[in-house]
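For reference, coords.tsv is printed below; it contains TSV, C-alpha atoms.
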chain	number	residue	atom	x	y	z
J	1	MET	CA	117.76	124.70	90.96
J	2	THR	CA	116.69	122.49	88.02
J	3	LEU	CA	119.32	121.91	85.36
J	4	ASP	CA	118.49	123.01	81.82
J	5	ASN	CA	118.77	119.85	79.70
J	6	ARG	CA	117.16	121.26	76.57
J	7	SER	CA	120.32	121.20	74.40
J	8	GLN	CA	120.79	117.47	75.06
J	9	VAL	CA	117.10	116.81	74.41
J	10	ARG	CA	117.22	118.67	71.09
J	11	LYS	CA	120.32	116.77	69.98
J	12	VAL	CA	118.68	113.40	70.66
J	13	LEU	CA	115.44	114.46	68.96
J	14	ILE	CA	117.26	115.60	65.82
J	15	ILE	CA	119.20	112.30	65.57
J	16	THR	CA	116.06	110.22	66.07
J	17	LEU	CA	114.11	112.39	63.61
J	18	LEU	CA	116.62	111.60	60.85
J	19	LEU	CA	116.55	107.89	61.70
J	20	ASN	CA	112.74	107.85	61.76
J	21	ILE	CA	112.58	109.50	58.33
J	22	PHE	CA	114.94	106.78	57.02
J	23	VAL	CA	112.75	104.05	58.56
J	24	MET	CA	109.56	105.58	57.19
J	25	GLY	CA	111.00	105.82	53.67
J	26	LEU	CA	112.28	102.24	53.72
J	27	LYS	CA	108.92	100.89	54.88
J	28	ALA	CA	107.10	102.86	52.18
J	29	VAL	CA	109.42	101.60	49.42
J	30	VAL	CA	109.17	97.95	50.47
J	31	GLY	CA	105.40	98.30	50.96
J	32	LYS	CA	105.04	99.67	47.44
J	33	LEU	CA	107.18	96.90	45.95
J	34	THR	CA	105.33	94.10	47.72
J	35	GLY	CA	101.83	95.56	47.61
J	36	SER	CA	101.50	95.00	51.36
J	37	LEU	CA	98.74	97.17	52.78
J	38	SER	CA	99.84	96.40	56.34
J	39	LEU	CA	103.37	97.56	55.59
J	40	LEU	CA	102.13	100.74	53.92
J	41	ALA	CA	99.95	101.33	56.99
J	42	ASP	CA	103.01	100.74	59.17
J	43	ALA	CA	104.86	103.36	57.10
J	44	LEU	CA	102.00	105.78	57.78
J	45	HIS	CA	102.25	104.87	61.45
J	46	SER	CA	105.94	105.78	61.29
J	47	VAL	CA	104.93	109.27	60.22
J	48	THR	CA	103.84	109.78	63.82
J	49	ASP	CA	107.39	109.05	64.98
J	50	SER	CA	108.73	111.94	62.93
J	51	ALA	CA	105.81	114.12	64.00
J	52	ASN	CA	106.57	113.30	67.63
J	53	ASN	CA	110.21	114.30	67.19
J	54	ILE	CA	109.15	117.62	65.67
J	55	LEU	CA	106.64	118.10	68.47
J	56	GLY	CA	109.35	117.33	70.99
J	57	LEU	CA	111.71	119.86	69.42
J	58	ILE	CA	109.02	122.54	69.63
J	59	ALA	CA	108.06	121.62	73.20
J	60	SER	CA	111.63	121.48	74.49
J	61	SER	CA	112.32	124.92	73.01
J	62	PHE	CA	109.74	126.34	75.42
J	63	ALA	CA	110.39	124.01	78.36
J	64	SER	CA	113.02	126.01	80.23
J	65	PRO	CA	113.15	125.09	83.93
J	66	GLN	CA	114.30	128.61	84.83
J	67	PRO	CA	111.64	131.12	85.96
J	68	ASP	CA	111.08	134.47	84.32
J	69	ARG	CA	108.66	137.39	84.64
J	70	GLU	CA	105.85	135.74	82.67
J	71	HIS	CA	106.42	132.23	84.08
J	72	PRO	CA	107.69	132.52	87.66
J	73	TYR	CA	107.34	128.75	88.16
J	74	GLY	CA	109.41	127.92	85.07
J	75	HIS	CA	108.25	126.33	81.82
J	76	LEU	CA	108.53	122.60	82.55
J	77	LYS	CA	104.86	121.95	81.83
J	78	PHE	CA	105.55	122.53	78.14
J	79	GLU	CA	107.38	119.18	78.08
J	80	ALA	CA	104.44	117.48	79.79
J	81	ILE	CA	102.11	118.98	77.18
J	82	GLY	CA	104.40	117.59	74.48
J	83	ALA	CA	104.26	114.15	76.11
J	84	LEU	CA	100.44	114.31	76.10
J	85	GLY	CA	100.63	115.11	72.39
J	86	ILE	CA	102.56	111.87	71.93
J	87	ALA	CA	99.82	110.03	73.83
J	88	ALA	CA	97.30	111.47	71.37
J	89	PHE	CA	99.43	110.27	68.44
J	90	LEU	CA	99.49	106.78	69.98
J	91	GLY	CA	95.69	106.80	70.19
J	92	ILE	CA	95.45	107.76	66.52
J	93	ALA	CA	97.91	104.99	65.59
J	94	CYS	CA	95.83	102.45	67.54
J	95	PHE	CA	92.69	103.50	65.66
J	96	GLU	CA	94.48	103.25	62.30
J	97	ILE	CA	95.71	99.72	63.04
J	98	LEU	CA	92.23	98.50	63.99
J	99	GLN	CA	90.59	100.27	61.06
J	100	GLY	CA	93.05	98.74	58.59
J	101	ALA	CA	92.58	95.22	59.98
J	102	ILE	CA	88.77	95.46	59.87
J	103	GLU	CA	88.81	96.79	56.31
J	104	ARG	CA	90.96	93.88	55.18
J	105	ILE	CA	88.58	91.41	56.85
J	106	LEU	CA	85.51	92.97	55.22
J	107	ASN	CA	86.86	93.93	51.81
J	108	GLY	CA	89.86	91.67	51.28
J	109	GLY	CA	92.56	92.86	48.90
J	110	GLU	CA	95.20	91.87	46.40
J	111	PRO	CA	97.50	89.01	47.50
J	112	VAL	CA	100.80	90.19	48.93
J	113	LYS	CA	104.07	89.03	47.38
J	114	ILE	CA	107.33	89.32	49.29
J	115	SER	CA	110.88	88.09	48.77
J	116	PRO	CA	113.60	87.17	51.31
J	117	SER	CA	115.57	90.32	50.39
J	118	GLU	CA	112.58	92.49	51.27
J	119	LEU	CA	112.22	90.69	54.59
J	120	TRP	CA	115.89	91.45	55.32
J	121	LEU	CA	115.23	95.13	54.63
J	122	LEU	CA	112.44	95.02	57.20
J	123	LEU	CA	114.81	93.47	59.72
J	124	ILE	CA	117.10	96.48	59.19
J	125	VAL	CA	114.10	98.72	59.90
J	126	LEU	CA	113.44	96.75	63.09
J	127	GLY	CA	117.07	97.13	64.18
J	128	VAL	CA	116.97	100.91	63.68
J	129	ASN	CA	113.73	101.16	65.68
J	130	ILE	CA	115.20	99.16	68.55
J	131	PHE	CA	118.30	101.37	68.59
J	132	VAL	CA	116.18	104.56	68.62
J	133	ALA	CA	113.94	103.32	71.45
J	134	PHE	CA	116.78	102.31	73.78
J	135	TYR	CA	118.91	105.36	72.86
J	136	GLU	CA	116.07	107.78	73.64
J	137	ARG	CA	115.13	105.95	76.83
J	138	ARG	CA	118.72	105.87	78.13
J	139	ILE	CA	119.32	109.58	77.46
J	140	GLY	CA	115.82	110.50	78.68
J	141	ILE	CA	116.39	108.80	82.03
J	142	ARG	CA	119.88	110.30	82.35
J	143	VAL	CA	118.74	113.91	81.75
J	144	ASP	CA	115.27	113.34	83.26
J	145	SER	CA	113.33	114.36	80.13
J	146	PRO	CA	109.68	113.19	79.98
J	147	ILE	CA	109.49	114.03	76.26
J	148	LEU	CA	112.34	111.61	75.44
J	149	ILE	CA	111.01	108.88	77.72
J	150	ALA	CA	107.52	109.24	76.24
J	151	ASP	CA	108.87	109.19	72.68
J	152	ALA	CA	110.93	106.10	73.49
J	153	LYS	CA	107.74	104.35	74.61
J	154	HIS	CA	106.07	105.38	71.37
J	155	THR	CA	109.00	104.00	69.38
J	156	MET	CA	108.76	100.78	71.41
J	157	SER	CA	105.15	100.47	70.27
J	158	ASP	CA	106.38	100.96	66.71
J	159	ILE	CA	108.78	98.07	67.26
J	160	TRP	CA	105.87	95.78	68.11
J	161	VAL	CA	103.98	97.00	65.06
J	162	THR	CA	106.98	96.24	62.87
J	163	ILE	CA	107.44	92.81	64.46
J	164	SER	CA	103.77	92.10	63.80
J	165	VAL	CA	104.08	93.16	60.18
J	166	ILE	CA	107.24	91.11	59.67
J	167	GLY	CA	105.57	88.08	61.27
J	168	GLY	CA	102.52	88.53	59.08
J	169	LEU	CA	104.62	88.90	55.93
J	170	MET	CA	106.63	85.79	56.82
J	171	GLY	CA	103.29	84.03	57.13
J	172	VAL	CA	102.31	85.43	53.72
J	173	TRP	CA	105.61	84.16	52.32
J	174	LEU	CA	104.68	80.70	53.65
J	175	GLY	CA	101.15	80.97	52.24
J	176	TYR	CA	99.18	82.15	55.32
J	177	GLN	CA	97.72	85.48	54.23
J	178	TRP	CA	95.43	85.73	57.29
J	179	LEU	CA	98.35	86.00	59.77
J	180	ASP	CA	98.90	89.66	58.94
J	181	ILE	CA	95.34	90.52	60.01
J	182	VAL	CA	95.28	88.35	63.14
J	183	LEU	CA	98.48	89.89	64.54
J	184	ALA	CA	97.19	93.44	64.02
J	185	PHE	CA	94.76	93.28	66.97
J	186	PRO	CA	97.21	92.52	69.84
J	187	VAL	CA	99.56	95.14	68.40
J	188	ALA	CA	96.74	97.69	68.61
J	189	VAL	CA	96.32	96.82	72.29
J	190	LEU	CA	100.05	97.35	72.90
J	191	VAL	CA	99.94	100.74	71.18
J	192	PHE	CA	96.94	101.78	73.27
J	193	TRP	CA	98.70	100.68	76.49
J	194	SER	CA	101.77	102.75	75.62
J	195	GLY	CA	99.59	105.82	75.11
J	196	TRP	CA	97.76	105.24	78.39
J	197	THR	CA	101.08	104.90	80.25
J	198	VAL	CA	102.36	108.19	78.83
J	199	LEU	CA	99.08	109.91	79.75
J	200	LYS	CA	99.10	108.50	83.29
J	201	GLU	CA	102.68	109.62	83.94
J	202	ASN	CA	102.29	113.21	82.73
J	203	LEU	CA	98.74	114.20	83.64
J	204	PRO	CA	99.48	114.60	87.41
J	205	TRP	CA	102.08	117.27	86.57
J	206	LEU	CA	99.57	119.27	84.53
J	207	VAL	CA	96.71	119.10	87.04
J	208	ASP	CA	98.95	119.88	90.05
J	209	GLN	CA	98.34	116.55	91.75
J	210	VAL	CA	100.01	116.16	95.15
J	211	ALA	CA	103.68	115.27	94.73
J	212	ILE	CA	104.50	114.25	98.32
J	213	ALA	CA	102.10	113.00	100.97
J	214	PRO	CA	101.56	115.90	103.43
J	215	GLU	CA	102.04	113.50	106.37
J	216	ILE	CA	105.60	112.81	105.20
J	217	ILE	CA	106.39	116.52	104.89
J	218	HIS	CA	104.84	117.10	108.33
J	219	ALA	CA	107.01	114.37	109.91
J	220	ILE	CA	110.20	115.80	108.41
J	221	ALA	CA	109.34	119.38	109.43
J	222	VAL	CA	108.49	118.61	113.07
J	223	SER	CA	111.70	116.58	113.41
J	224	VAL	CA	113.68	119.83	113.08
J	225	PRO	CA	114.53	121.39	116.47
J	226	GLY	CA	112.47	124.51	117.11
J	227	VAL	CA	109.47	123.41	115.03
J	228	ILE	CA	106.31	123.00	117.12
J	229	ASN	CA	103.98	122.04	114.29
J	230	CYS	CA	103.11	122.70	110.65
J	231	HIS	CA	99.82	122.77	108.75
J	232	ASP	CA	98.15	123.67	105.44
J	233	ILE	CA	100.84	121.71	103.58
J	234	ALA	CA	100.62	121.58	99.78
J	235	SER	CA	102.96	120.13	97.17
J	236	ARG	CA	102.96	119.72	93.39
J	237	GLY	CA	105.36	118.72	90.64
J	238	ILE	CA	107.38	115.54	90.18
J	239	VAL	CA	109.84	114.27	92.78
J	240	GLY	CA	113.37	114.25	91.37
J	241	ARG	CA	112.46	116.71	88.65
J	242	GLN	CA	110.93	119.78	90.32
J	243	VAL	CA	108.69	120.01	93.38
J	244	PHE	CA	106.96	123.07	94.81
J	245	ILE	CA	106.01	122.97	98.52
J	246	GLU	CA	103.99	125.41	100.61
J	247	MET	CA	103.32	125.19	104.35
J	248	HIS	CA	102.53	127.13	107.52
J	249	LEU	CA	105.21	126.54	110.15
J	250	ILE	CA	104.71	127.10	113.89
J	251	VAL	CA	108.12	127.75	115.43
J	252	ASP	CA	109.36	128.14	118.98
J	253	ALA	CA	110.98	131.52	118.38
J	254	GLN	CA	110.23	135.15	119.14
J	255	GLU	CA	113.04	136.68	117.05
J	256	ILE	CA	112.94	136.85	113.26
J	257	GLU	CA	116.54	135.63	113.00
J	258	THR	CA	115.80	132.45	114.98
J	259	ALA	CA	112.62	131.75	113.03
J	260	HIS	CA	114.52	132.25	109.77
J	261	ARG	CA	117.23	129.80	110.84
J	262	ILE	CA	114.63	127.16	111.71
J	263	THR	CA	112.84	127.51	108.36
J	264	GLU	CA	116.16	127.19	106.52
J	265	GLU	CA	116.85	123.92	108.35
J	266	VAL	CA	113.41	122.64	107.34
J	267	GLU	CA	114.11	123.61	103.72
J	268	MET	CA	117.50	121.88	103.84
J	269	GLU	CA	115.99	118.62	105.16
J	270	LEU	CA	113.29	118.61	102.48
J	271	GLU	CA	115.83	119.45	99.78
J	272	LYS	CA	117.99	116.49	100.81
J	273	ARG	CA	115.01	114.17	100.61
J	274	PHE	CA	113.06	115.46	97.58
J	275	GLY	CA	115.29	117.97	95.73
J	276	PRO	CA	115.21	119.92	93.56
J	277	ILE	CA	112.46	121.85	95.34
J	278	ARG	CA	111.17	125.39	95.83
J	279	ILE	CA	109.57	126.00	99.23
J	280	LEU	CA	107.35	128.78	100.50
J	281	ILE	CA	106.98	128.82	104.32
J	282	HIS	CA	104.62	131.06	106.29
J	283	VAL	CA	105.97	131.37	109.86
J	284	GLU	CA	103.57	131.52	112.79
J	285	PRO	CA	104.14	132.18	116.53
J	286	PRO	CA	104.35	129.42	119.20
J	287	GLN	CA	100.85	130.02	120.53
J	288	TYR	CA	99.18	129.45	117.16
J	289	GLN	CA	97.23	126.17	116.88
J	290	SER	CA	95.89	124.20	113.91
J	291	GLU	CA	95.01	120.54	113.43
J	292	GLN	CA	94.82	120.70	109.65
J	293	ILE	CA	97.92	119.11	108.11
J	294	SER	CA	96.74	119.64	104.56
J	295	PHE	CA	93.63	120.64	102.63
J	296	GLY	CA	90.42	118.65	102.93
J	297	LEU	CA	88.58	117.45	105.98
J	298	ASN	CA	89.21	113.70	105.93
J	299	SER	CA	90.88	112.08	108.91
J	300	LYS	CA	94.13	111.42	107.06
J	301	SER	CA	94.67	115.15	106.69
J	302	ARG	CA	94.45	115.89	110.39
J	303	ILE	CA	97.04	115.60	113.11
J	304	ASN	CA	96.45	112.71	115.51
Represent the supplied structure as structure tokens.
Amino acid sequence: MTLDNRSQVRKVLIITLLLNIFVMGLKAVVGKLTGSLSLLADALHSVTDSANNILGLIASSFASPQPDREHPYGHLKFEAIGALGIAAFLGIACFEILQGAIERILNGGEPVKISPSELWLLLIVLGVNIFVAFYERRIGIRVDSPILIADAKHTMSDIWVTISVIGGLMGVWLGYQWLDIVLAFPVAVLVFWSGWTVLKENLPWLVDQVAIAPEIIHAIAVSVPGVINCHDIASRGIVGRQVFIEMHLIVDAQEIETAHRITEEVEMELEKRFGPIRILIHVEPPQYQSEQISFGLNSKSRIN
């Protein structure tokens, strides 16, 4: 049974939402005072942090792991959908960074003026972002929440954006106006990579990609006394979070009670290795034969 961690997720998202609003406001104020277009763009980028928190709150409200009549497999995919939304926000942020840098190269702009006190304010912003990223990541790993882990990665990208802006503004302070533009391009690459990582980690859950190699499940099942063979093995989900397994099990038993006991032992072994899991086993008589471990006709899916 998967634990419902939604109350902890909501608490973290509310705390980080308030901190992100503070960071966004501080960036906007300093950007207005200095006339820094890159800092104002960074403030706009921070809007996505708050939007992600709101998205996470909405997604986690629907992401109950417990099944019901309308969703017999639970609601955990809502969190994965929320994580993909964050990946989309990261893509938009990457585009905005590149667009802003190119516009400044082509059109130029008013010279930026910044004071040491304004740089110190930006260091406070950086400190808050670092705290939010590590706080969300630590809690996300502890409660196994993809929405918190994904949002922490997004905030980490925001840290690099802020570092880039601070570096550029320090260069401006020293008389090197071009530094702000040059540093924008590697930051855009980092933002894109964060979005790709979030997409890569959550897409398998949504498309029901295999969670456990069928050969591994087969080896565990046939190691249980009374199991002759198993075939048509399928699995989906994320190991350690929630896995669904289906299989056909050939057992050396004529009585229903004996067959039931054998299938329970198979379930127990798989639960110990990959839990939490939900398993559906179709029992077949000893004389039944099949060489197909899983679906597909390649040699890796057949019993040697």
For CA of Ile281 in chain J and CA of Glu265 in chain J, determine how far apart the two atoms are, in Å to one decimal place.
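It comes out at 11.7 Å.
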Find the residues of range 160-183 of chain J that sit at most 10 Å from range 84-106 of chain J; for each, write down the nearest two atoms and how far apart they are in Å, to one decimal. Count only C-alpha atoms. Sort by chain, then by number going up, and give it as a Markdown table.
| residue | atom | partner | partner_atom | distance |
| --- | --- | --- | --- | --- |
| J:Val161 | CA | J:Ile97 | CA | 8.9 |
| J:Trp178 | CA | J:Ile105 | CA | 8.9 |
| J:Asp180 | CA | J:Ala101 | CA | 8.5 |
| J:Ile181 | CA | J:Ala101 | CA | 5.5 |
| J:Val182 | CA | J:Ala101 | CA | 8.0 |
| J:Leu183 | CA | J:Ala101 | CA | 9.2 |
Just write the chosen residues, C-alpha atoms, as a CSV table (one decimal), keeping the file's coordinate frame.
chain,number,residue,atom,x,y,z
J,161,VAL,CA,104.0,97.0,65.1
J,178,TRP,CA,95.4,85.7,57.3
J,180,ASP,CA,98.9,89.7,58.9
J,181,ILE,CA,95.3,90.5,60.0
J,182,VAL,CA,95.3,88.4,63.1
J,183,LEU,CA,98.5,89.9,64.5
Please determine the residues with any atom at most 10 Å from (101.3, 92.6, 62.1) (coordinates as given in the file, with only C-alpha atoms counting) and report them as a PDB file with C-alpha atoms, in the coordinates of the input.
ATOM      1  CA  SER J  38      99.840  96.400  56.340  1.00  0.00           C
ATOM      2  CA  LEU J  39     103.370  97.560  55.590  1.00  0.00           C
ATOM      3  CA  ASP J  42     103.010 100.740  59.170  1.00  0.00           C
ATOM      4  CA  ILE J  97      95.710  99.720  63.040  1.00  0.00           C
ATOM      5  CA  ALA J 101      92.580  95.220  59.980  1.00  0.00           C
ATOM      6  CA  TRP J 160     105.870  95.780  68.110  1.00  0.00           C
ATOM      7  CA  VAL J 161     103.980  97.000  65.060  1.00  0.00           C
ATOM      8  CA  THR J 162     106.980  96.240  62.870  1.00  0.00           C
ATOM      9  CA  ILE J 163     107.440  92.810  64.460  1.00  0.00           C
ATOM     10  CA  SER J 164     103.770  92.100  63.800  1.00  0.00           C
ATOM     11  CA  VAL J 165     104.080  93.160  60.180  1.00  0.00           C
ATOM     12  CA  ILE J 166     107.240  91.110  59.670  1.00  0.00           C
ATOM     13  CA  GLY J 167     105.570  88.080  61.270  1.00  0.00           C
ATOM     14  CA  GLY J 168     102.520  88.530  59.080  1.00  0.00           C
ATOM     15  CA  LEU J 169     104.620  88.900  55.930  1.00  0.00           C
ATOM     16  CA  LEU J 179      98.350  86.000  59.770  1.00  0.00           C
ATOM     17  CA  ASP J 180      98.900  89.660  58.940  1.00  0.00           C
ATOM     18  CA  ILE J 181      95.340  90.520  60.010  1.00  0.00           C
ATOM     19  CA  VAL J 182      95.280  88.350  63.140  1.00  0.00           C
ATOM     20  CA  LEU J 183      98.480  89.890  64.540  1.00  0.00           C
ATOM     21  CA  ALA J 184      97.190  93.440  64.020  1.00  0.00           C
ATOM     22  CA  PHE J 185      94.760  93.280  66.970  1.00  0.00           C
ATOM     23  CA  PRO J 186      97.210  92.520  69.840  1.00  0.00           C
ATOM     24  CA  VAL J 187      99.560  95.140  68.400  1.00  0.00           C
ATOM     25  CA  ALA J 188      96.740  97.690  68.610  1.00  0.00           C
TER      26      ALA J 188
END
Close residues, Pro116 in chain J itself excluded, 12 Å, all atoms listed in the file, min 2 positions apart in chain, as a PyMOL selection string:
chain J and resi 30+34+113-114+118-123+166+169-170+172-174
Using C-alpha atoms, can you export the residues from the last selection as a tab-separated table (two decimals), keeping the file's coordinate frame?
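See again35.tsv below for the written result:
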chain	number	residue	atom	x	y	z
J	30	VAL	CA	109.17	97.95	50.47
J	34	THR	CA	105.33	94.10	47.72
J	113	LYS	CA	104.07	89.03	47.38
J	114	ILE	CA	107.33	89.32	49.29
J	118	GLU	CA	112.58	92.49	51.27
J	119	LEU	CA	112.22	90.69	54.59
J	120	TRP	CA	115.89	91.45	55.32
J	121	LEU	CA	115.23	95.13	54.63
J	122	LEU	CA	112.44	95.02	57.20
J	123	LEU	CA	114.81	93.47	59.72
J	166	ILE	CA	107.24	91.11	59.67
J	169	LEU	CA	104.62	88.90	55.93
J	170	MET	CA	106.63	85.79	56.82
J	172	VAL	CA	102.31	85.43	53.72
J	173	TRP	CA	105.61	84.16	52.32
J	174	LEU	CA	104.68	80.70	53.65
Please provide the set of residues having any atom within 7 Å of Ser157 in chain J, restricted to only C-alpha atoms, with same-chain residues fewer than 5 positions apart removed, written as a compact mmCIF listing (two decimals) with C-alpha atoms, in the frame of the given file.
# COMPACT_ATOMS: atom_id res chain seq x y z
CA LEU J 190 100.05 97.35 72.90
CA VAL J 191 99.94 100.74 71.18
CA SER J 194 101.77 102.75 75.62
What is the CA of Leu126 in chain J to CA of Asp49 in chain J distance in Å?
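Interatomic distance, CA of Leu126 in chain J to CA of Asp49 in chain J: 13.8 Å.
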Just the number, please: distance in Å from CA of Lys77 in chain J to CA of Ile212 in chain J, one decimal.
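Between CA of Lys77 in chain J and CA of Ile212 in chain J the gap works out to 18.2 Å.
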